[in-house]
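Undergrad: Data: target32.cif, mmCIF, C-alpha atoms.
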```
data_coords
#
loop_
_atom_site.label_atom_id
_atom_site.label_comp_id
_atom_site.auth_asym_id
_atom_site.auth_seq_id
_atom_site.Cartn_x
_atom_site.Cartn_y
_atom_site.Cartn_z
CA MET A 16 23.18 -14.81 -4.47
CA VAL A 17 20.16 -14.60 -2.20
CA LYS A 18 20.22 -14.86 1.58
CA ASP A 19 17.00 -14.84 3.57
CA ASP A 20 14.77 -12.24 1.85
CA HIS A 21 17.41 -10.06 0.20
CA ILE A 22 20.07 -10.05 -2.50
CA GLU A 23 23.44 -10.78 -0.93
CA ALA A 24 25.73 -10.60 -3.97
CA VAL A 25 25.62 -9.89 -7.71
CA GLY A 26 28.27 -10.64 -10.29
CA GLU A 27 30.17 -13.29 -12.22
CA PRO A 28 30.12 -16.75 -10.57
CA ALA A 29 33.84 -16.69 -9.80
CA ALA A 30 33.45 -13.42 -7.93
CA ILE A 31 30.80 -14.77 -5.54
CA LYS A 32 31.83 -17.03 -2.68
CA ALA A 33 28.73 -19.01 -1.82
CA PRO A 34 28.48 -21.30 1.24
CA SER A 35 28.81 -25.01 0.46
CA ASN A 36 25.15 -25.68 1.20
CA THR A 37 23.90 -23.00 -1.23
CA ARG A 38 21.18 -24.14 -3.59
CA VAL A 39 22.00 -23.41 -7.23
CA ILE A 40 19.17 -22.70 -9.71
CA ASN A 41 20.18 -23.21 -13.34
CA LEU A 42 18.53 -20.67 -15.63
CA ALA A 43 20.37 -21.48 -18.85
CA GLY A 44 18.58 -19.96 -21.83
CA ALA A 45 16.53 -17.65 -19.61
CA THR A 46 16.73 -13.97 -18.69
CA LEU A 47 16.77 -13.06 -15.00
CA MET A 48 15.08 -9.77 -14.13
CA PRO A 49 13.79 -7.92 -11.08
CA GLY A 50 10.27 -8.90 -10.12
CA LEU A 51 7.89 -6.96 -12.35
CA ILE A 52 5.76 -4.13 -10.95
CA GLU A 53 2.18 -3.69 -12.15
CA GLY A 54 1.39 0.01 -12.01
CA HIS A 55 -2.39 0.01 -12.45
CA SER A 56 -4.38 -2.93 -11.17
CA HIS A 57 -7.86 -3.62 -9.77
CA LEU A 58 -7.66 -6.98 -8.04
CA PHE A 59 -11.33 -6.72 -7.03
CA LEU A 60 -12.50 -6.59 -10.64
CA HIS A 61 -12.59 -9.20 -13.38
CA PRO A 62 -12.93 -8.78 -17.16
CA TYR A 63 -15.97 -6.81 -18.28
CA ASN A 64 -16.79 -9.35 -21.00
CA GLU A 65 -17.42 -11.83 -18.17
CA THR A 66 -19.54 -9.50 -16.04
CA PRO A 67 -20.14 -5.78 -16.70
CA TRP A 68 -18.65 -3.33 -14.18
CA ASN A 69 -22.08 -2.23 -12.95
CA ASP A 70 -23.11 -5.81 -12.21
CA GLN A 71 -19.87 -6.57 -10.40
CA VAL A 72 -20.37 -3.59 -8.10
CA LEU A 73 -24.10 -4.10 -7.55
CA ASN A 74 -24.65 -7.86 -7.73
CA GLU A 75 -21.49 -9.56 -6.48
CA SER A 76 -21.18 -9.81 -2.71
CA ARG A 77 -18.10 -8.48 -0.96
CA ALA A 78 -17.29 -12.06 0.01
CA GLU A 79 -17.36 -13.16 -3.62
CA ARG A 80 -15.30 -10.21 -4.74
CA THR A 81 -12.68 -10.89 -2.07
CA ALA A 82 -12.58 -14.57 -3.05
CA ARG A 83 -11.96 -13.52 -6.65
CA ALA A 84 -9.29 -11.05 -5.52
CA VAL A 85 -7.44 -13.83 -3.69
CA ASN A 86 -7.30 -15.81 -6.94
CA HIS A 87 -6.31 -12.73 -8.90
CA ALA A 88 -3.46 -12.00 -6.50
CA ARG A 89 -2.08 -15.52 -6.86
CA THR A 90 -2.35 -15.42 -10.65
CA THR A 91 -0.60 -12.04 -10.78
CA LEU A 92 2.31 -13.31 -8.71
CA MET A 93 2.70 -16.44 -10.82
CA ALA A 94 2.90 -14.24 -13.93
CA GLY A 95 6.05 -12.65 -12.51
CA PHE A 96 4.52 -9.50 -11.03
CA THR A 97 5.79 -9.37 -7.47
CA THR A 98 4.42 -5.87 -6.73
CA VAL A 99 1.16 -4.17 -7.73
CA ARG A 100 -0.24 -0.68 -7.31
CA ASP A 101 -3.94 -1.39 -6.87
CA LEU A 102 -5.91 1.75 -7.69
CA GLY A 103 -9.31 1.29 -6.10
CA THR A 104 -11.61 -1.47 -4.95
CA GLU A 105 -14.55 -0.15 -7.02
CA GLY A 106 -17.23 -0.55 -4.40
CA ALA A 107 -15.46 -3.09 -2.17
CA ALA A 108 -14.63 -0.49 0.50
CA TYR A 109 -11.28 -1.05 2.24
CA ASP A 110 -11.02 -4.77 1.47
CA ASP A 111 -7.75 -4.21 -0.40
CA VAL A 112 -6.14 -3.32 2.93
CA GLY A 113 -7.22 -6.68 4.32
CA LEU A 114 -6.01 -8.49 1.19
CA LYS A 115 -2.63 -6.79 1.48
CA SER A 116 -2.41 -7.78 5.15
CA ALA A 117 -3.28 -11.41 4.39
CA ILE A 118 -0.52 -11.54 1.77
CA ASN A 119 2.01 -9.90 4.09
CA LYS A 120 1.19 -12.41 6.83
CA GLY A 121 1.69 -15.33 4.45
CA ILE A 122 -1.93 -16.45 4.70
CA ILE A 123 -2.33 -16.34 0.92
CA PRO A 124 0.18 -15.95 -1.93
CA GLY A 125 0.26 -12.68 -3.79
CA PRO A 126 2.33 -9.67 -4.78
CA ARG A 127 3.39 -6.82 -2.56
CA MET A 128 0.57 -4.28 -2.68
CA LEU A 129 0.27 -0.53 -2.73
CA VAL A 130 -3.44 0.09 -2.13
CA ALA A 131 -5.69 3.07 -2.83
CA THR A 132 -8.78 1.81 -0.94
CA ARG A 133 -11.99 3.43 -2.21
CA ALA A 134 -10.58 6.14 -4.55
CA ILE A 135 -12.17 9.61 -4.66
CA VAL A 136 -14.83 11.04 -6.99
CA ALA A 137 -16.88 14.22 -7.15
CA THR A 138 -20.43 13.77 -5.89
CA GLY A 139 -22.77 12.75 -8.68
CA SER A 140 -20.08 11.94 -11.20
CA TYR A 141 -19.41 8.22 -10.73
CA GLY A 142 -21.44 5.03 -11.04
CA PRO A 143 -23.28 2.85 -10.72
CA LYS A 144 -26.30 4.96 -11.62
CA SER A 145 -30.00 4.19 -11.94
CA GLU A 146 -32.77 5.61 -14.11
CA VAL A 147 -34.59 6.09 -10.81
CA ALA A 148 -32.94 9.31 -9.67
CA GLU A 149 -33.89 8.79 -6.02
CA ALA A 150 -32.32 5.33 -5.81
CA GLU A 151 -29.43 5.02 -3.33
CA LEU A 152 -26.85 2.68 -4.83
CA ILE A 153 -23.42 1.45 -3.81
CA LYS A 154 -20.84 3.76 -5.36
CA GLY A 155 -17.65 2.61 -7.04
CA ALA A 156 -15.65 5.23 -5.13
CA GLN A 157 -15.99 7.69 -2.24
CA GLU A 158 -17.66 11.00 -3.01
CA ALA A 159 -16.25 14.34 -1.90
CA ASP A 160 -17.05 18.02 -2.41
CA GLY A 161 -15.18 21.26 -1.81
CA VAL A 162 -11.79 21.94 -0.27
CA ASP A 163 -12.88 20.85 3.22
CA GLY A 164 -14.72 17.81 1.91
CA ILE A 165 -11.87 16.44 -0.18
CA THR A 166 -9.41 17.13 2.64
CA LYS A 167 -11.51 15.01 4.99
CA VAL A 168 -11.89 12.17 2.49
CA VAL A 169 -8.17 12.05 1.67
CA ARG A 170 -7.34 11.86 5.37
CA SER A 171 -10.04 9.27 5.95
CA GLN A 172 -8.70 6.97 3.24
CA ILE A 173 -5.16 7.36 4.57
CA GLY A 174 -6.46 6.53 8.03
CA HIS A 175 -8.08 3.38 6.65
CA GLY A 176 -4.80 2.21 5.15
CA ALA A 177 -4.35 3.85 1.74
CA ASP A 178 -0.75 3.84 0.47
CA VAL A 179 -1.65 5.94 -2.55
CA VAL A 180 -4.47 8.46 -3.09
CA LYS A 181 -6.48 7.89 -6.28
CA ILE A 182 -8.63 10.73 -7.62
CA TYR A 183 -10.91 10.90 -10.66
CA VAL A 184 -10.25 14.38 -12.09
CA ASP A 185 -12.77 13.83 -14.87
CA TYR A 186 -15.43 11.32 -15.80
CA HIS A 187 -18.33 10.64 -18.16
CA TRP A 188 -20.78 12.98 -16.45
CA GLY A 189 -20.89 15.80 -18.98
CA MET A 190 -23.83 16.47 -21.25
CA ASN A 191 -24.85 13.32 -23.14
CA ASP A 192 -22.41 11.33 -20.98
CA THR A 193 -19.36 13.03 -22.42
CA ALA A 194 -16.17 13.13 -20.34
CA ALA A 195 -15.83 16.34 -18.34
CA PRO A 196 -13.72 17.61 -15.41
CA THR A 197 -14.97 16.93 -11.91
CA PHE A 198 -12.92 18.66 -9.20
CA THR A 199 -11.76 22.26 -9.42
CA GLU A 200 -8.09 23.12 -9.50
CA ASP A 201 -8.27 24.39 -5.91
CA GLU A 202 -9.85 21.14 -4.71
CA LEU A 203 -7.15 19.12 -6.44
CA LYS A 204 -4.33 21.27 -5.09
CA VAL A 205 -5.41 20.82 -1.49
CA ALA A 206 -5.94 17.06 -1.99
CA VAL A 207 -2.41 16.71 -3.34
CA GLU A 208 -1.01 18.86 -0.53
CA VAL A 209 -2.74 16.74 2.12
CA ALA A 210 -1.70 13.45 0.54
CA LYS A 211 1.91 14.42 -0.10
CA SER A 212 2.30 15.87 3.40
CA SER A 213 1.76 12.31 4.62
CA GLY A 214 4.39 10.97 2.20
CA ARG A 215 1.84 9.49 -0.18
CA ILE A 216 1.73 9.76 -3.95
CA VAL A 217 -1.36 10.84 -5.89
CA ALA A 218 -2.61 8.98 -8.95
CA VAL A 219 -5.38 10.52 -11.04
CA HIS A 220 -7.74 9.10 -13.62
CA SER A 221 -7.93 11.52 -16.55
CA SER A 222 -9.20 11.29 -20.11
CA THR A 223 -9.77 14.98 -20.91
CA THR A 224 -7.42 17.82 -21.76
CA GLU A 225 -8.82 20.13 -19.08
CA GLY A 226 -8.77 17.41 -16.45
CA MET A 227 -5.11 16.74 -17.21
CA ARG A 228 -4.33 20.46 -17.10
CA ARG A 229 -5.85 20.79 -13.63
CA ALA A 230 -4.07 17.64 -12.42
CA ILE A 231 -0.71 18.90 -13.68
CA ALA A 232 -1.26 22.30 -12.06
CA ALA A 233 -2.07 20.52 -8.79
CA GLY A 234 1.21 18.57 -8.89
CA VAL A 235 -0.05 14.99 -8.92
CA THR A 236 2.38 12.06 -9.14
CA THR A 237 0.93 10.03 -12.01
CA ILE A 238 -1.76 10.53 -14.63
CA GLU A 239 -3.62 7.35 -15.56
CA HIS A 240 -4.88 6.91 -19.15
CA GLY A 241 -4.02 10.45 -20.31
CA ASP A 242 -6.16 10.34 -23.43
CA GLY A 243 -6.58 14.13 -23.43
CA GLY A 244 -2.85 14.69 -23.62
CA THR A 245 -1.35 17.31 -25.92
CA PRO A 246 2.29 18.20 -26.71
CA GLU A 247 1.95 21.23 -24.44
CA LEU A 248 0.63 19.17 -21.53
CA PHE A 249 3.28 16.51 -21.96
CA LYS A 250 5.93 19.23 -21.91
CA LEU A 251 4.52 20.40 -18.57
CA MET A 252 4.44 16.83 -17.25
CA LYS A 253 8.10 16.44 -18.15
CA GLU A 254 8.99 19.72 -16.42
CA LYS A 255 7.05 18.80 -13.27
CA CYS A 256 8.23 15.15 -13.18
CA ILE A 257 4.68 13.80 -13.50
CA ALA A 258 4.55 10.29 -14.98
CA LEU A 259 2.05 8.82 -17.43
CA CYS A 260 0.49 5.39 -17.01
CA PRO A 261 -1.10 4.90 -20.47
CA THR A 262 -3.22 1.74 -19.89
CA ILE A 263 -3.15 0.73 -23.56
CA ASN A 264 -4.47 -2.78 -23.06
CA ALA A 265 -7.60 -1.60 -21.26
CA THR A 266 -8.56 0.47 -24.29
CA GLU A 267 -7.90 -2.35 -26.75
CA SER A 268 -9.63 -4.93 -24.54
CA ILE A 269 -12.85 -2.92 -24.16
CA LEU A 270 -13.00 -2.33 -27.89
CA GLY A 271 -12.49 -6.05 -28.43
CA TYR A 272 -15.41 -6.79 -26.15
CA HIS A 273 -17.53 -4.59 -28.42
CA GLY A 274 -16.57 -6.48 -31.54
CA TRP A 275 -13.37 -4.85 -32.79
CA LYS A 276 -10.98 -7.40 -34.35
CA LYS A 277 -7.44 -6.11 -34.12
CA GLY A 278 -5.43 -6.58 -37.29
CA ILE A 279 -8.59 -7.16 -39.30
CA ASP A 280 -10.79 -4.14 -38.65
CA PRO A 281 -9.54 -0.55 -39.02
CA ASP A 282 -8.29 1.01 -35.81
CA PRO A 283 -11.10 2.82 -33.95
CA SER A 284 -10.60 6.46 -32.96
CA ALA A 285 -9.81 5.47 -29.37
CA VAL A 286 -6.88 3.31 -30.53
CA LYS A 287 -5.64 6.06 -32.85
CA GLN A 288 -5.81 8.52 -29.95
CA LYS A 289 -3.87 6.13 -27.71
CA HIS A 290 -1.17 5.84 -30.38
CA TYR A 291 -1.07 9.63 -30.60
CA ILE A 292 -0.76 10.38 -26.89
CA PHE A 293 1.79 7.60 -26.35
CA THR A 294 3.94 8.88 -29.22
CA GLU A 295 3.73 12.49 -28.04
CA ALA A 296 4.56 11.52 -24.44
CA LEU A 297 7.63 9.64 -25.64
CA LYS A 298 8.70 12.61 -27.79
CA ALA A 299 8.39 14.92 -24.79
CA GLY A 300 10.46 12.63 -22.60
CA VAL A 301 7.66 12.00 -20.12
CA THR A 302 8.34 9.24 -17.60
CA ILE A 303 6.22 6.25 -18.64
CA CYS A 304 4.95 3.86 -16.00
CA MET A 305 3.85 0.34 -16.90
CA GLY A 306 0.27 -0.25 -15.87
CA GLY A 307 -2.48 -1.85 -17.89
CA ASP A 308 -5.65 -1.28 -15.80
CA VAL A 309 -5.76 -5.00 -15.09
CA GLY A 310 -9.21 -6.14 -14.08
CA VAL A 311 -10.63 -4.68 -17.25
CA PHE A 312 -8.79 -7.68 -18.76
CA SER A 313 -7.57 -10.89 -17.14
CA HIS A 314 -5.24 -10.88 -14.17
CA GLY A 315 -2.09 -12.80 -15.02
CA ASP A 316 -2.08 -11.32 -18.53
CA ASN A 317 -0.35 -8.20 -17.20
CA ALA A 318 2.57 -8.56 -19.62
CA GLN A 319 0.24 -7.82 -22.56
CA GLU A 320 0.51 -4.14 -21.64
CA MET A 321 4.29 -4.35 -22.00
CA ILE A 322 3.96 -6.04 -25.39
CA LEU A 323 1.65 -3.24 -26.55
CA MET A 324 3.99 -0.53 -25.25
CA ALA A 325 6.68 -1.95 -27.52
CA GLU A 326 4.20 -2.26 -30.39
CA TYR A 327 3.25 1.41 -29.92
CA GLY A 328 6.87 2.53 -30.29
CA MET A 329 8.74 2.14 -27.00
CA LYS A 330 12.06 0.29 -27.03
CA PRO A 331 11.73 -3.13 -25.33
CA LEU A 332 14.53 -2.36 -22.87
CA ASP A 333 12.75 0.85 -21.87
CA VAL A 334 9.51 -1.10 -21.44
CA LEU A 335 11.32 -3.48 -19.09
CA ARG A 336 12.66 -0.53 -17.13
CA SER A 337 9.16 0.95 -16.90
CA ALA A 338 7.92 -2.25 -15.27
CA THR A 339 10.83 -2.42 -12.81
CA SER A 340 13.16 0.43 -11.83
CA VAL A 341 11.00 3.25 -13.23
CA ASN A 342 7.80 2.13 -11.52
CA ALA A 343 9.75 1.59 -8.30
CA ALA A 344 11.19 5.12 -8.42
CA VAL A 345 7.87 6.81 -9.27
CA PHE A 346 6.00 4.88 -6.58
CA GLY A 347 8.65 5.59 -3.94
CA LEU A 348 9.74 1.96 -3.55
CA THR A 349 13.39 1.86 -2.53
CA ASP A 350 14.04 -1.87 -2.14
CA VAL A 351 12.50 -3.46 -5.26
CA GLY A 352 12.76 -2.97 -9.01
CA ASN A 353 16.50 -3.63 -9.30
CA ILE A 354 18.91 -6.53 -8.92
CA LYS A 355 21.27 -4.90 -6.45
CA ILE A 356 22.91 -5.90 -3.18
CA GLY A 357 20.58 -5.22 -0.26
CA TYR A 358 17.42 -5.13 -2.37
CA LEU A 359 14.58 -7.55 -1.67
CA ALA A 360 15.04 -10.81 -3.55
CA ASP A 361 12.06 -10.34 -5.87
CA LEU A 362 13.21 -12.02 -9.08
CA VAL A 363 11.65 -13.44 -12.22
CA ALA A 364 13.14 -15.43 -15.08
CA VAL A 365 11.60 -15.80 -18.53
CA VAL A 366 12.59 -18.23 -21.27
CA GLY A 367 14.52 -16.34 -23.95
CA ASN A 368 15.49 -12.67 -24.20
CA PRO A 369 12.66 -10.09 -23.89
CA VAL A 370 14.88 -7.37 -25.39
CA GLU A 371 14.89 -9.37 -28.62
CA ASP A 372 11.34 -10.73 -28.34
CA ILE A 373 9.25 -9.04 -25.68
CA LYS A 374 6.51 -11.67 -26.01
CA VAL A 375 8.66 -14.13 -24.01
CA LEU A 376 7.53 -12.22 -20.92
CA LYS A 377 4.56 -14.57 -20.99
CA VAL A 378 6.85 -17.63 -20.70
CA VAL A 379 7.75 -17.40 -17.03
CA LYS A 380 10.26 -19.98 -15.78
CA LEU A 381 10.89 -18.78 -12.23
CA VAL A 382 9.28 -16.42 -9.73
CA MET A 383 10.91 -15.56 -6.40
CA LYS A 384 9.42 -13.17 -3.89
CA GLY A 385 11.39 -12.18 -0.82
CA GLY A 386 13.86 -15.01 -1.32
CA VAL A 387 11.15 -17.65 -1.56
CA VAL A 388 10.68 -19.50 -4.84
CA VAL A 389 6.94 -19.47 -5.56
CA LYS A 390 7.13 -20.78 -9.11
CA GLU A 391 9.75 -22.97 -10.77
#
```
Take the structure from the file and write it as C-alpha cells.
TA:
Amino acid sequence: MVKDDHIEAVGEPAAIKAPSNTRVINLAGATLMPGLIEGHSHLFLHPYNETPWNDQVLNESRAERTARAVNHARTTLMAGFTTVRDLGTEGAAYDDVGLKSAINKGIIPGPRMLVATRAIVATGSYGPKSEVAEAELIKGAQEADGVDGITKVVRSQIGHGADVVKIYVDYHWGMNDTAAPTFTEDELKVAVEVAKSSGRIVAVHSSTTEGMRRAIAAGVTTIEHGDGGTPELFKLMKEKCIALCPTINATESILGYHGWKKGIDPDPSAVKQKHYIFTEALKAGVTICMGGDVGVFSHGDNAQEMILMAEYGMKPLDVLRSATSVNAAVFGLTDVGNIKIGYLADLVAVVGNPVEDIKVLKVVKLVMKGGVVVKE
C-alpha cells in the first residue's frame, strides 16, 4: 500500500487495512519489484553507431545534447529504471546537475539521479584529440595533475554538484594507443580521501591490471569495466568491499557496431575476457553492481545488461538484486531498492516472472516513482 510518496504497508491483502477510497491496481500475471537502479549511465551520450563519441563531444551543441538527455531520461524511466548513477557528461560540463534539478522539480519526467559532473582524467590522456598537436579542443572530462591538482578538481566538482566522483585510472594513452595507468597511487589515495571525507563514493574507469591495483589500494567504491581483473585482484576487492560494475553490454555493443554478429561469429577476445573477469569476480564473491554503460547503446534498453549478466553465469535472482538492493547499498541510497515500509514508492511491474525468464524485464507493465504512476 502506497501513501503519498512512500510505502505504507506490505503484506497479504487481508493483513492490510486500506482506506475505502484507495485505488487498487491489478497486476495479475505480473511481478512487482522495486524500481530498478541503473549503475552506469551517460544520459548525455547516444549510441556510437549513430554518431561517434568524438563527433558528439565536438559537433553537437550543449543545447542539443541536453535536449537528447531529456529524452533519454524519460525513456529510462519508462523502462522501469527509477534511479540512475550517471558517470560523466563527456564534455557537457555540469549540465547533469541541471538535468537532475529539472527532474526533481517535476519540470520533466526522469529517474532519480546521482551525478558525477565532468569526471576526472590525467592531463593529456583523454579525448577528443587532434592530429594538430597545438589544437585546443573540448575535453570529455576535467584534467588534473598531482596531489594538489586532483584535490582541487575533486573539490571543485563536488562544489558544482557532484554526488559521486568519477576518475579514469587508466586510458588508451600508452604507446600505440594501448591502455595504460594514468594517476599514481598517491594521487588516487588523496582523491579518494577528499571525496569520501565529504560522504561521496568514488567510481573509477579501469581496463588494466595495474590501474585496478592502484584503484584497489586507494580504496575506491566501485570499479567500472574491470577488464584487467585477476583472481588476486578480485580477492582484494572482496576483502576491501569494492564492487565491480562489469558493463558487459557496452563491450558487446561496440563490437557489434564493428561488424561482430553474436551467435554467428566466434567470440572476439574482448568478449572472452569479459566472460573471464565476470566468472572470476563471481567466484571470488565480489559485489556485482548492475550498470551497462548506457549511452554506448540505447537508453531504455538498460535491461539488456541484466539479461547478459544472467547469460554470463549470474543467477537471475542475484541479477535482480544487483539492480535493486545491491546497487542501493553500494551507492549509499537508504530509501530505494527495496519494497519495505517507509521506503520511497519506486515500483515496477513486468509481465511474467523474471526469475524464470529474465527477458521479461523488457515487458514493463507499470512504473511508479515516488507514489506517482508514470506508466501503466
Undergrad: Using all atoms listed in the file, can you tell me which of A:Ala210, A:Val351, A:Ala30, A:Ile263 comes closest to A:Ser171?
TA: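 Smallest separation from A:Ser171 among the options: A:Ala210.
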Undergrad: Determine the nearest neighbour of A:His21 from the options A:Tyr358, A:Tyr63, A:Tyr109, A:Phe293, counting all atoms listed in the file.
TA: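 When distances to A:His21 are compared using all atoms listed in the file, the smallest one comes from A:Tyr358.
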Undergrad: Please tabulate, as a tab-separated table, the residues of stretch 200-284 of chain A that come within 10 Å of stretch 304-319 of chain A, each with its closest pair of atoms and the distance in Å to one decimal, counting all atoms listed in the file and ordering rows by chain, then residue number upward.
TA:
```
residue	atom	partner	partner_atom	distance
A:Thr237	CA	A:Cys304	CA	8.4
A:Ile238	CA	A:Cys304	CA	9.6
A:Glu239	CA	A:Gly306	CA	8.5
A:His240	CA	A:Asp308	CA	8.9
A:Ala258	CA	A:Cys304	CA	6.5
A:Leu259	CA	A:Cys304	CA	5.9
A:Cys260	CA	A:Cys304	CA	4.8
A:Pro261	CA	A:Gly306	CA	7.0
A:Thr262	CA	A:Gly307	CA	4.2
A:Ile263	CA	A:Gly307	CA	6.3
A:Asn264	CA	A:Gly307	CA	5.6
A:Ala265	CA	A:Asp308	CA	5.8
A:Thr266	CA	A:Val311	CA	9.0
A:Glu267	CA	A:Phe312	CA	9.6
A:Ser268	CA	A:Phe312	CA	6.5
A:Ile269	CA	A:Val311	CA	7.5
A:Tyr272	CA	A:Phe312	CA	10.0
```
Undergrad: I'd like the contact shell of A:His175 - 12 Å cut-off, all atoms listed in the file, skipping same-chain residues fewer than 3 positions apart - returned as a list in words.
TA: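 Once the nearby chain positions are removed, what remains is Ala108, Tyr109, Asp110, Asp111, Val112, Gly113, Val130, Ala131, Thr132, Arg133, Ala134, Val168, Val169, Arg170, Ser171, Gln172, Asp178, Val179 and Val180 of chain A.
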Undergrad: Counting only C-alpha atoms, find residues at most 12 Å from (23.7, -19.9, -23.8) (file frame) and give them as a PyMOL selection string.
TA: chain A and resi 41-46+366-368
Undergrad: Which residues match the PyMOL selection byres ((chain A and resi 106) around 8) in the file above, as a VMD selection string?
TA: chain A and resid 72 104 to 105 107 to 108 133 153 to 156
Undergrad: Give me a file of those residues, with C-alpha atoms, as a PDB file, keeping the file's coordinate frame.
TA:
```
ATOM      1  CA  VAL A  72     -20.370  -3.590  -8.100  1.00  0.00           C
ATOM      2  CA  THR A 104     -11.610  -1.470  -4.950  1.00  0.00           C
ATOM      3  CA  GLU A 105     -14.550  -0.150  -7.020  1.00  0.00           C
ATOM      4  CA  ALA A 107     -15.460  -3.090  -2.170  1.00  0.00           C
ATOM      5  CA  ALA A 108     -14.630  -0.490   0.500  1.00  0.00           C
ATOM      6  CA  ARG A 133     -11.990   3.430  -2.210  1.00  0.00           C
ATOM      7  CA  ILE A 153     -23.420   1.450  -3.810  1.00  0.00           C
ATOM      8  CA  LYS A 154     -20.840   3.760  -5.360  1.00  0.00           C
ATOM      9  CA  GLY A 155     -17.650   2.610  -7.040  1.00  0.00           C
ATOM     10  CA  ALA A 156     -15.650   5.230  -5.130  1.00  0.00           C
TER      11      ALA A 156
END
```
Undergrad: Apply the PyMOL selection byres ((chain A and resi 125) around 6) to the file shown and report the selected residues as a ChimeraX atom specification.
TA: /A:88-89,92,118,124,126
Undergrad: Enumerate, as a list in words, the residues matched when the PyMOL selection byres ((chain A and resi 34) around 12) is run on the file above.
TA: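 After applying the PyMOL selection byres ((chain A and resi 34) around 12), what remains is Met16, Val17, Lys18, Glu23, Ile31, Lys32, Ala33, Ser35, Asn36, Thr37, Arg38 and Val39 of chain A.
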Undergrad: So that I have them on file, write out the residues from the current selection with C-alpha atoms, as a PDB file, keeping the file's coordinate frame.
TA:
```pdb
ATOM      1  CA  MET A  16      23.180 -14.810  -4.470  1.00  0.00           C
ATOM      2  CA  VAL A  17      20.160 -14.600  -2.200  1.00  0.00           C
ATOM      3  CA  LYS A  18      20.220 -14.860   1.580  1.00  0.00           C
ATOM      4  CA  GLU A  23      23.440 -10.780  -0.930  1.00  0.00           C
ATOM      5  CA  ILE A  31      30.800 -14.770  -5.540  1.00  0.00           C
ATOM      6  CA  LYS A  32      31.830 -17.030  -2.680  1.00  0.00           C
ATOM      7  CA  ALA A  33      28.730 -19.010  -1.820  1.00  0.00           C
ATOM      8  CA  SER A  35      28.810 -25.010   0.460  1.00  0.00           C
ATOM      9  CA  ASN A  36      25.150 -25.680   1.200  1.00  0.00           C
ATOM     10  CA  THR A  37      23.900 -23.000  -1.230  1.00  0.00           C
ATOM     11  CA  ARG A  38      21.180 -24.140  -3.590  1.00  0.00           C
ATOM     12  CA  VAL A  39      22.000 -23.410  -7.230  1.00  0.00           C
TER      13      VAL A  39
END
```
Undergrad: Expressed in Å to a single decimal, how great is the separation between atom CA of A:Tyr183 and atom CA of A:Gly347?
TA: 21.4 Å
Undergrad: Counting only C-alpha atoms, I want the residues whose atoms come within 9 Å of (-6.9, 25.8, 0.3) in the file frame, returned as a ChimeraX atom specification.
TA: /A:162-163,201-202,204-205
